[in-house]
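Coordinates from work-v8.cif are shown below (mmCIF, C-alpha atoms).
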```cif
data_final
#
loop_
_atom_site.label_atom_id
_atom_site.label_comp_id
_atom_site.auth_asym_id
_atom_site.auth_seq_id
_atom_site.Cartn_x
_atom_site.Cartn_y
_atom_site.Cartn_z
CA MET A 1 29.90 -0.34 6.47
CA SER A 2 29.82 -1.18 10.14
CA THR A 3 29.95 2.28 11.71
CA ASP A 4 27.09 2.83 14.11
CA LYS A 5 28.11 6.30 15.31
CA TRP A 6 27.03 9.01 12.94
CA TYR A 7 27.56 12.74 12.85
CA MET A 8 26.10 15.44 10.62
CA LEU A 9 28.90 17.66 9.37
CA THR A 10 27.91 21.06 8.01
CA VAL A 11 30.44 23.00 5.93
CA VAL A 12 29.92 26.48 4.46
CA GLY A 13 32.40 28.71 2.71
CA LYS A 14 32.99 30.91 -0.29
CA ASP A 15 32.93 28.67 -3.35
CA ARG A 16 36.27 27.64 -4.83
CA SER A 17 37.51 24.47 -6.44
CA GLY A 18 38.73 21.66 -4.18
CA ILE A 19 36.43 22.03 -1.18
CA VAL A 20 34.86 18.58 -1.53
CA SER A 21 38.14 16.82 -2.26
CA HIS A 22 40.04 18.46 0.61
CA VAL A 23 37.28 17.93 3.18
CA THR A 24 36.70 14.31 2.23
CA LYS A 25 40.42 13.55 2.07
CA ALA A 26 40.84 14.78 5.65
CA LEU A 27 37.89 12.63 6.74
CA LEU A 28 39.26 9.57 4.93
CA GLU A 29 42.69 9.98 6.48
CA GLY A 30 41.01 10.32 9.88
CA GLY A 31 39.35 6.93 9.45
CA CYS A 32 35.84 8.26 8.80
CA ASN A 33 33.18 6.79 6.57
CA LEU A 34 30.71 8.91 4.58
CA GLY A 35 26.98 8.39 4.41
CA GLU A 36 24.44 10.41 2.46
CA SER A 37 25.16 14.02 1.69
CA SER A 38 24.03 17.14 -0.07
CA MET A 39 26.79 19.32 -1.52
CA LEU A 40 25.87 22.33 -3.58
CA ARG A 41 26.59 25.89 -4.48
CA LEU A 42 24.07 28.40 -3.09
CA GLY A 43 24.77 31.93 -4.31
CA ASP A 44 28.55 32.16 -4.23
CA SER A 45 28.85 29.91 -1.18
CA PHE A 46 29.53 26.20 -1.31
CA THR A 47 27.59 24.15 1.23
CA ILE A 48 27.92 20.60 2.49
CA MET A 49 25.58 18.62 4.71
CA MET A 50 27.18 15.23 5.12
CA MET A 51 26.66 12.16 7.25
CA VAL A 52 30.02 11.12 8.65
CA GLY A 53 30.50 7.80 10.42
CA SER A 54 33.27 7.79 12.98
CA ASP A 55 34.17 5.86 16.10
CA GLY A 56 35.65 9.01 17.63
CA THR A 57 34.00 11.76 19.64
CA LEU A 58 32.32 14.86 18.30
CA LYS A 59 35.41 16.85 19.34
CA ASN A 60 37.72 14.40 17.52
CA LEU A 61 35.77 15.02 14.31
CA SER A 62 35.78 18.81 14.75
CA ASP A 63 39.52 18.75 15.37
CA LEU A 64 40.08 16.47 12.38
CA ILE A 65 38.41 18.87 9.97
CA ALA A 66 39.76 22.09 11.55
CA PRO A 67 43.05 22.41 9.60
CA THR A 68 41.26 21.99 6.24
CA ALA A 69 38.53 24.43 7.30
CA GLU A 70 41.16 26.94 8.40
CA SER A 71 43.16 26.69 5.19
CA MET A 72 40.12 26.93 2.90
CA GLY A 73 38.13 29.53 4.82
CA LEU A 74 35.28 27.20 5.74
CA HIS A 75 32.88 27.28 8.67
CA THR A 76 32.03 23.87 10.05
CA HIS A 77 29.58 22.47 12.52
CA VAL A 78 29.11 18.92 13.81
CA ASP A 79 26.04 17.30 15.41
CA HIS A 80 25.54 13.77 16.61
CA VAL A 81 22.71 12.05 14.67
CA GLN A 82 21.06 8.67 14.33
CA GLY A 83 22.19 6.88 11.15
CA GLY A 84 18.88 5.82 9.65
CA LEU A 85 20.32 4.67 6.34
CA HIS A 86 18.47 2.16 4.12
CA GLN A 87 15.10 3.68 5.03
CA HIS A 88 14.46 5.91 2.03
CA VAL A 89 11.04 7.48 1.96
CA GLU A 90 9.57 7.30 -1.54
CA PRO A 91 7.97 10.59 -2.66
CA ASP A 92 4.70 10.32 -4.58
CA VAL A 93 4.33 13.91 -5.65
CA HIS A 94 6.53 16.53 -7.32
CA ILE A 95 5.62 20.20 -7.11
CA VAL A 96 7.23 23.05 -9.02
CA VAL A 97 6.47 26.59 -7.88
CA TYR A 98 7.76 29.71 -9.59
CA GLY A 99 7.06 33.39 -9.78
CA ALA A 100 8.41 36.91 -9.50
CA ASP A 101 10.57 36.88 -6.39
CA ARG A 102 9.00 38.41 -3.31
CA PRO A 103 9.16 37.73 0.42
CA GLY A 104 7.02 34.87 1.69
CA ILE A 105 6.80 32.45 -1.24
CA VAL A 106 8.37 29.52 0.60
CA ALA A 107 6.54 30.19 3.87
CA HIS A 108 3.14 30.58 2.21
CA VAL A 109 3.42 27.68 -0.19
CA THR A 110 4.92 25.18 2.24
CA GLY A 111 2.47 26.32 4.91
CA ALA A 112 -0.49 25.59 2.65
CA LEU A 113 0.99 22.26 1.54
CA ALA A 114 1.86 21.15 5.09
CA GLU A 115 -1.71 21.83 6.15
CA ALA A 116 -2.87 19.67 3.24
CA GLY A 117 -0.70 16.77 4.43
CA LEU A 118 2.55 17.14 2.50
CA ASN A 119 5.67 15.66 4.05
CA ILE A 120 8.65 17.16 2.21
CA VAL A 121 11.42 14.71 1.27
CA ASN A 122 13.48 17.04 -0.90
CA LEU A 123 13.21 20.75 -1.60
CA ASP A 124 15.49 23.14 -3.39
CA THR A 125 15.07 26.70 -4.52
CA ASP A 126 16.85 28.90 -7.00
CA VAL A 127 16.76 32.60 -7.74
CA GLY A 128 16.95 33.21 -11.47
CA GLY A 129 16.09 36.10 -13.75
CA SER A 130 17.98 39.38 -13.52
CA GLU A 131 18.96 41.42 -10.49
CA SER A 132 16.26 43.94 -11.30
CA ALA A 133 13.60 41.31 -11.99
CA PRO A 134 14.47 38.15 -10.06
CA ILE A 135 12.36 35.03 -10.31
CA TYR A 136 12.04 32.37 -7.64
CA VAL A 137 11.86 28.68 -8.55
CA MET A 138 11.15 25.92 -6.04
CA HIS A 139 11.18 22.16 -6.58
CA ILE A 140 9.55 19.95 -3.99
CA ASP A 141 9.39 16.16 -3.76
CA GLY A 142 7.17 14.84 -1.03
CA VAL A 143 4.69 12.34 0.30
CA ALA A 144 1.01 13.27 0.04
CA GLN A 145 -0.06 11.90 3.41
CA GLU A 146 -3.67 13.00 2.95
CA GLY A 147 -3.88 12.26 -0.76
CA ILE A 148 -3.23 14.24 -3.91
CA PRO A 149 -6.62 16.06 -4.13
CA ALA A 150 -5.93 17.87 -0.82
CA LEU A 151 -2.61 19.11 -2.22
CA GLU A 152 -4.24 20.15 -5.51
CA SER A 153 -6.70 22.31 -3.54
CA ALA A 154 -3.80 23.89 -1.65
CA ILE A 155 -2.01 24.55 -4.95
CA ASP A 156 -5.15 26.23 -6.36
CA ILE A 157 -5.09 28.63 -3.41
CA VAL A 158 -1.40 29.56 -3.73
CA VAL A 159 -1.84 30.09 -7.48
CA LYS A 160 -4.65 32.58 -6.76
CA GLU A 161 -2.21 34.38 -4.46
CA GLY A 162 0.08 35.05 -7.40
CA VAL A 163 2.62 32.28 -8.02
CA ASP A 164 2.64 29.61 -10.70
CA ALA A 165 2.58 26.09 -9.35
CA LYS A 166 2.28 22.69 -10.90
CA LEU A 167 1.82 19.36 -9.20
CA SER A 168 2.67 16.07 -10.83
CA HIS A 169 2.19 12.59 -9.52
CA ILE A 170 5.31 10.43 -9.13
CA GLU A 171 4.48 6.84 -9.97
CA THR A 172 7.68 4.94 -9.29
CA MET A 173 8.15 1.95 -11.58
CA ILE A 174 9.79 -0.99 -9.81
CA GLY A 175 11.12 -3.55 -12.25
CA MET B 1 6.60 -23.37 -8.44
CA ALA B 2 9.22 -21.37 -6.62
CA VAL B 3 10.25 -17.85 -5.77
CA LEU B 4 13.74 -17.49 -7.24
CA GLU B 5 16.59 -15.57 -5.68
CA ILE B 6 17.01 -12.09 -7.17
CA LEU B 7 20.57 -11.01 -7.95
CA LYS B 8 21.39 -7.72 -6.28
CA TYR B 9 23.79 -5.08 -7.53
CA PRO B 10 26.88 -5.04 -7.25
CA ASP B 11 26.62 -8.64 -8.46
CA GLU B 12 28.58 -8.51 -11.73
CA ARG B 13 26.28 -11.06 -13.36
CA LEU B 14 23.68 -8.29 -13.75
CA LYS B 15 26.00 -6.79 -16.39
CA THR B 16 25.72 -9.87 -18.60
CA VAL B 17 24.44 -9.34 -22.15
CA CYS B 18 21.77 -12.00 -22.63
CA GLU B 19 21.41 -14.57 -25.41
CA PRO B 20 18.26 -15.01 -27.49
CA VAL B 21 15.91 -17.86 -26.63
CA GLU B 22 15.98 -20.61 -29.26
CA ARG B 23 13.85 -23.34 -27.72
CA PHE B 24 10.25 -22.64 -26.74
CA ASP B 25 9.67 -25.78 -24.68
CA ASP B 26 8.09 -26.96 -21.43
CA GLU B 27 11.27 -26.18 -19.52
CA LEU B 28 11.01 -22.54 -20.65
CA ARG B 29 7.35 -22.37 -19.67
CA ALA B 30 8.06 -23.89 -16.25
CA PHE B 31 10.75 -21.24 -15.73
CA LEU B 32 8.29 -18.49 -16.70
CA ILE B 33 5.91 -19.65 -13.94
CA ASP B 34 8.70 -19.29 -11.39
CA LEU B 35 9.77 -15.95 -12.85
CA ASP B 36 6.20 -14.67 -12.61
CA GLU B 37 5.92 -15.82 -9.03
CA THR B 38 9.22 -14.13 -8.18
CA MET B 39 8.03 -10.84 -9.72
CA ARG B 40 4.81 -10.91 -7.73
CA ALA B 41 6.65 -11.72 -4.49
CA GLY B 42 8.67 -8.48 -4.74
CA PRO B 43 6.90 -5.50 -3.18
CA GLY B 44 5.45 -3.33 -5.95
CA GLY B 45 7.28 -5.17 -8.71
CA VAL B 46 5.62 -4.70 -12.12
CA GLY B 47 8.31 -6.38 -14.17
CA ILE B 48 11.20 -8.80 -14.01
CA ALA B 49 13.89 -9.95 -16.40
CA ALA B 50 15.32 -13.47 -16.47
CA SER B 51 18.84 -12.14 -15.90
CA GLN B 52 17.70 -10.82 -12.50
CA VAL B 53 17.37 -14.42 -11.37
CA GLY B 54 20.56 -15.58 -13.09
CA ARG B 55 19.17 -16.91 -16.38
CA PHE B 56 20.92 -14.91 -19.07
CA GLN B 57 18.39 -15.13 -21.85
CA ARG B 58 16.27 -12.43 -23.51
CA ILE B 59 13.17 -13.06 -21.44
CA CYS B 60 11.08 -10.74 -19.28
CA ILE B 61 7.64 -10.43 -17.78
CA VAL B 62 5.80 -7.14 -17.39
CA ASP B 63 2.44 -6.73 -15.70
CA VAL B 64 1.72 -3.14 -14.73
CA SER B 65 -1.88 -4.03 -13.82
CA VAL B 66 -0.33 -4.99 -10.45
CA ASN B 67 -0.47 -1.23 -9.77
CA PRO B 68 -4.17 -0.29 -9.48
CA LYS B 69 -3.44 3.34 -10.41
CA ILE B 70 -2.31 2.32 -13.89
CA LYS B 71 -5.44 2.05 -16.03
CA LYS B 72 -3.92 1.59 -19.47
CA HIS B 73 -2.11 -1.70 -20.03
CA HIS B 74 -2.01 -5.07 -21.79
CA GLY B 75 -2.20 -7.15 -18.60
CA GLU B 76 0.53 -9.72 -18.25
CA LEU B 77 3.09 -9.62 -21.04
CA ILE B 78 5.56 -12.45 -21.48
CA LEU B 79 8.23 -11.02 -23.75
CA ILE B 80 10.77 -13.29 -25.37
CA ASN B 81 13.47 -11.92 -27.68
CA PRO B 82 11.74 -8.51 -27.72
CA GLU B 83 12.78 -5.73 -30.09
CA ILE B 84 11.59 -2.13 -30.03
CA THR B 85 10.90 -1.28 -33.68
CA GLU B 86 9.56 2.25 -33.23
CA TRP B 87 9.69 4.83 -30.49
CA GLU B 88 8.33 8.32 -30.04
CA GLY B 89 8.84 11.10 -27.48
CA PHE B 90 10.83 11.07 -24.29
CA LYS B 91 9.75 11.49 -20.71
CA LYS B 92 11.43 11.46 -17.34
CA GLY B 93 10.07 9.15 -14.68
CA ARG B 94 11.10 7.60 -11.42
CA GLU B 95 12.31 4.02 -11.35
CA GLY B 96 13.50 1.49 -8.86
CA CYS B 97 14.61 -2.09 -9.30
CA MET B 98 14.35 -5.30 -7.30
CA SER B 99 18.07 -5.75 -7.99
CA VAL B 100 18.85 -2.31 -6.47
CA PRO B 101 17.00 -2.14 -3.13
CA ASP B 102 16.30 1.14 -1.29
CA TYR B 103 17.18 3.45 -4.15
CA THR B 104 15.08 5.15 -6.81
CA GLY B 105 16.01 7.71 -9.41
CA ASN B 106 14.88 9.58 -12.49
CA VAL B 107 15.37 8.05 -15.92
CA MET B 108 14.47 9.21 -19.43
CA ARG B 109 12.49 6.69 -21.49
CA ALA B 110 10.69 6.71 -24.79
CA GLU B 111 7.08 7.64 -24.17
CA LYS B 112 5.56 5.45 -26.85
CA ILE B 113 6.99 2.26 -28.35
CA THR B 114 6.14 -0.44 -30.84
CA LEU B 115 7.38 -3.81 -29.71
CA GLU B 116 7.88 -7.09 -31.56
CA TYR B 117 8.48 -10.23 -29.50
CA PHE B 118 7.66 -13.92 -29.19
CA ASP B 119 5.28 -15.41 -26.66
CA GLU B 120 6.09 -18.52 -24.59
CA TYR B 121 5.05 -20.79 -27.49
CA GLY B 122 7.29 -19.01 -29.99
CA GLU B 123 4.43 -17.14 -31.69
CA PRO B 124 5.48 -13.72 -33.01
CA CYS B 125 3.55 -10.81 -31.46
CA ARG B 126 3.44 -7.06 -31.89
CA ILE B 127 2.04 -4.38 -29.61
CA GLU B 128 2.05 -0.63 -29.30
CA THR B 129 2.16 0.81 -25.83
CA ASP B 130 2.99 4.00 -23.98
CA GLY B 131 3.46 5.60 -20.59
CA PHE B 132 4.10 3.48 -17.52
CA GLU B 133 3.89 0.16 -19.35
CA ALA B 134 6.35 1.34 -22.04
CA ARG B 135 8.69 2.48 -19.27
CA ALA B 136 8.52 -0.90 -17.54
CA ILE B 137 9.25 -2.75 -20.80
CA GLN B 138 12.27 -0.53 -21.56
CA HIS B 139 13.57 -1.04 -18.00
CA GLU B 140 13.34 -4.83 -18.34
CA MET B 141 14.85 -4.83 -21.83
CA ASP B 142 17.84 -2.92 -20.44
CA HIS B 143 18.51 -5.91 -18.17
CA MET B 144 18.96 -8.02 -21.33
CA GLU B 145 21.80 -5.68 -22.37
CA GLY B 146 23.40 -5.88 -18.93
CA MET B 147 22.18 -2.37 -18.09
CA LEU B 148 20.54 -1.12 -14.91
CA PHE B 149 18.51 2.06 -14.43
CA LEU B 150 21.60 3.30 -12.54
CA ASP B 151 23.29 3.52 -15.95
CA ARG B 152 20.63 5.98 -17.13
CA LEU B 153 20.11 8.24 -14.10
CA VAL B 154 19.51 11.91 -14.81
CA SER B 155 19.96 14.82 -12.41
CA ARG B 156 17.46 15.35 -9.64
CA ARG B 157 18.08 19.07 -9.78
CA ASN B 158 17.40 21.70 -12.43
CA ASP B 159 15.14 19.47 -14.48
CA LEU B 160 12.81 22.35 -15.29
CA PHE B 161 15.38 23.85 -17.61
CA LYS B 162 17.28 20.75 -18.58
CA ARG B 163 17.38 19.86 -22.25
CA LYS B 164 16.12 16.42 -23.00
CA VAL B 165 18.89 13.95 -23.66
CA TYR B 166 18.64 10.27 -24.40
CA GLN B 167 21.82 8.26 -24.55
CA LYS B 168 22.44 4.58 -24.50
#
```

I'd like the structure from this file rewritten - as structure tokens, please.
Amino acid sequence: MSTDKWYMLTVVGKDRSGIVSHVTKALLEGGCNLGESSMLRLGDSFTIMMMVGSDGTLKNLSDLIAPTAESMGLHTHVDHVQGGLHQHVEPDVHIVVYGADRPGIVAHVTGALAEAGLNIVNLDTDVGGSESAPIYVMHIDGVAQEGIPALESAIDIVVKEGVDAKLSHIETMIG
Amino acid sequence: MAVLEILKYPDERLKTVCEPVERFDDELRAFLIDLDETMRAGPGGVGIAASQVGRFQRICIVDVSVNPKIKKHHGELILINPEITEWEGFKKGREGCMSVPDYTGNVMRAEKITLEYFDEYGEPCRIETDGFEARAIQHEMDHMEGMLFLDRLVSRRNDLFKRKVYQK
């Protein structure tokens, strides 16, 4: 695709069926091209972070999506971004962290890992368990910029602080 | 010797089901030298199938010793008309492919396999292997069926609780 003007479109709204199809139909009819995206349900909200290629202005894109947003009860936001496609960063480490839910798990764990050289490529978290006894589960893919042993030491520390965490090496097979 | 051109998806030829090799001759062995050179020219490539360079026969080369982190391996394996006769266990791992640049994804593979094949002189061989090398062999053998790792991708999310599934 030849578009060189990219925007990051953020969409948030109460989950219902048809959000993706309606939003992307409006974009298609407006002459836009889609890049990479993340679209997922968080709690009872549906969220979209989507690269949209368009020759128009930021306001054109906002206006284009407005009727769909209005009719489906969605909040939208648009930023201009650099494209940067075809430059995937290959993670070499996968970390799973879980424990009884309490404030600070993400901040403490990612703080310790960042200090040990982790560059996060992908992270998602879920709250499972019951309302009275929630559990927190975090998946992280990243690049160990200062090596795996530094991250293992950081993991040892967060485990002592009361969460379970497991690091596994990602050895990507190219064939 | 030559580095051959690698077919890139969405080239439909990558979906070709390959024919068995019937003649183990000098022409085949000359091709294998080129195929080996092509594999080593690709960044990080530990395996290559003949169909990736447009020769639709059941031929592949695997050499995971290219990756210094992999300690357990058989060195260079030239696999002609390979068949997996036994497999055990399943494990998810990340794969990429020289025919699918700038994309990697998770794929389930058998953890341990027994493989029967012919070498470049037509001698029957048999090995048992596991882990990274077994994964590489299964990836290359998929090419012989016209399959890419894209056909076997599993979800990036929720893998902690996902039941293991292996489907052809």

Counting only C-alpha atoms, which residues from chain B have an atom at most 9 Å from any atom of chain A, and could you show them as a CSV table (one decimal) with C-alpha atoms, in the frame of the given file?
```
chain,number,residue,atom,x,y,z
B,39,MET,CA,8.0,-10.8,-9.7
B,43,PRO,CA,6.9,-5.5,-3.2
B,44,GLY,CA,5.4,-3.3,-6.0
B,45,GLY,CA,7.3,-5.2,-8.7
B,46,VAL,CA,5.6,-4.7,-12.1
B,47,GLY,CA,8.3,-6.4,-14.2
B,48,ILE,CA,11.2,-8.8,-14.0
B,49,ALA,CA,13.9,-10.0,-16.4
B,62,VAL,CA,5.8,-7.1,-17.4
B,64,VAL,CA,1.7,-3.1,-14.7
B,69,LYS,CA,-3.4,3.3,-10.4
B,93,GLY,CA,10.1,9.2,-14.7
B,94,ARG,CA,11.1,7.6,-11.4
B,95,GLU,CA,12.3,4.0,-11.4
B,96,GLY,CA,13.5,1.5,-8.9
B,97,CYS,CA,14.6,-2.1,-9.3
B,98,MET,CA,14.4,-5.3,-7.3
B,99,SER,CA,18.1,-5.8,-8.0
B,101,PRO,CA,17.0,-2.1,-3.1
B,102,ASP,CA,16.3,1.1,-1.3
B,103,TYR,CA,17.2,3.4,-4.2
B,104,THR,CA,15.1,5.2,-6.8
B,105,GLY,CA,16.0,7.7,-9.4
B,132,PHE,CA,4.1,3.5,-17.5
B,135,ARG,CA,8.7,2.5,-19.3
B,136,ALA,CA,8.5,-0.9,-17.5
B,137,ILE,CA,9.2,-2.8,-20.8
B,139,HIS,CA,13.6,-1.0,-18.0
B,140,GLU,CA,13.3,-4.8,-18.3
B,157,ARG,CA,18.1,19.1,-9.8
B,158,ASN,CA,17.4,21.7,-12.4
B,160,LEU,CA,12.8,22.4,-15.3
```

- Task: Tell me which of A:Met39, A:Asp79, A:Ala116, A:Ile157 sits closest to Ser21 in chain A, counting all atoms listed in the file.
- Result: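 Smallest distance to Ser21 in chain A is found for A:Met39.
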
- So how far away is CA of Gln145 in chain A from CA of Ile95 in chain A, in Å? 14.6 Å

- Task: Provide the CA of Met51 in chain A to CA of Met8 in chain A distance in Å, to one decimal place.
- Result: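 Result for CA of Met51 in chain A versus CA of Met8 in chain A: 4.7 Å, one decimal.
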
- I would like the residues chosen by the PyMOL selection byres ((chain A and resi 11) around 6) on the shown file; could you give them as a PyMOL selection string? chain A and resi 10+12+47-48+75-76

Neighbour list for Val154 in chain B as an mmCIF file with C-alpha atoms, in the frame of the given file, cut-off 8 Å, all atoms listed in the file, skip fewer than 5 positions in-chain:
```cif
data_model
loop_
_atom_site.group_PDB
_atom_site.id
_atom_site.type_symbol
_atom_site.label_atom_id
_atom_site.label_comp_id
_atom_site.auth_asym_id
_atom_site.auth_seq_id
_atom_site.Cartn_x
_atom_site.Cartn_y
_atom_site.Cartn_z
ATOM 1 C CA GLY B 105 16.010 7.710 -9.410
ATOM 2 C CA ASN B 106 14.880 9.580 -12.490
ATOM 3 C CA VAL B 107 15.370 8.050 -15.920
ATOM 4 C CA MET B 108 14.470 9.210 -19.430
#
```

- Point out the residue among A:Thr110, A:Ser62, A:Ser71, A:Ser153 with the least atom-to-atom distance to Leu27 in chain A, counting all atoms listed in the file. A:Ser62

- Item | One-decimal distance in Å that lies between CA of Ile19 in chain A and CA of Met50 in chain A |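 Here the two named atoms are 13.1 Å from each other.
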
The residues within 8 Å of (3.4, -7.1, -16.6), using only C-alpha atoms and the coordinates of the file, should be reported as a PDB file with C-alpha atoms, keeping the file's coordinate frame; which are they?
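As written to disk, selection.pdb reads:
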```pdb
ATOM      1  CA  VAL B  46       5.620  -4.700 -12.120  1.00  0.00           C
ATOM      2  CA  GLY B  47       8.310  -6.380 -14.170  1.00  0.00           C
ATOM      3  CA  ILE B  61       7.640 -10.430 -17.780  1.00  0.00           C
ATOM      4  CA  VAL B  62       5.800  -7.140 -17.390  1.00  0.00           C
ATOM      5  CA  ASP B  63       2.440  -6.730 -15.700  1.00  0.00           C
ATOM      6  CA  VAL B  64       1.720  -3.140 -14.730  1.00  0.00           C
ATOM      7  CA  SER B  65      -1.880  -4.030 -13.820  1.00  0.00           C
ATOM      8  CA  VAL B  66      -0.330  -4.990 -10.450  1.00  0.00           C
ATOM      9  CA  HIS B  74      -2.010  -5.070 -21.790  1.00  0.00           C
ATOM     10  CA  GLY B  75      -2.200  -7.150 -18.600  1.00  0.00           C
ATOM     11  CA  GLU B  76       0.530  -9.720 -18.250  1.00  0.00           C
ATOM     12  CA  LEU B  77       3.090  -9.620 -21.040  1.00  0.00           C
ATOM     13  CA  ILE B  78       5.560 -12.450 -21.480  1.00  0.00           C
ATOM     14  CA  GLU B 133       3.890   0.160 -19.350  1.00  0.00           C
TER      15      GLU B 133
END
```

- Please provide as a list in words all residues within 10 Å of Ala114 in chain A, with the sequence filter that same-chain residues fewer than 6 positions apart are discarded (counting all atoms listed in the file). His108, Ile120, Ala144, Gln145, Leu151 and Ala154 of chain A

- Message: Counting all atoms listed in the file, I want the residues whose atoms come within 10 Å of (33.8, 20.4, 15.9) in the file frame, returned as a PyMOL selection string.
- Response: chain A and resi 9-10+57-66+76-79

- Message: On this structure, the PyMOL selection byres ((chain A and resi 109) around 10) would catch which residues? List them as a ChimeraX atom specification, sorted by chain and number.
- Response: /A:97,104-108,110-114,138,154-155,157-159,161,163,165

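Run against this file, the PyMOL selection byres ((chain A and resi 100) around 7) gives back Gly99, Asp101, Arg102, Pro134, Ile135 and Tyr136 of chain A.
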
- Task: With a distance cut-off of 6 Å and all atoms listed in the file, select the neighbouring residues of Tyr117 in chain B, excluding the residue or stretch itself and same-chain residues fewer than 5 positions from it, and output the selection as a VMD selection string.
- Result: chain B and resid 79 to 82 124 to 125

- Task: Choose the residue, out of A:Ala69, A:Ser130, A:Gly13, A:Gly84, that has the smallest atom-to-atom separation from Glu36 in chain A; count all atoms listed in the file.
- Result: A:Gly84

- With all atoms listed in the file as the basis for distance, which of B:Arg40, B:Lys112, B:Lys15, B:Lys71 is at the shortest distance from Thr85 in chain B?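 Selected residue with least distance to Thr85 in chain B: B:Lys112.
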
- Task: Pick out the closest residue to Arg58 in chain B from this set: B:Glu27, B:Glu12, B:Glu145, B:Asp151. Count all atoms listed in the file.
- Result: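 The answer is B:Glu145, which sits nearest to Arg58 in chain B.
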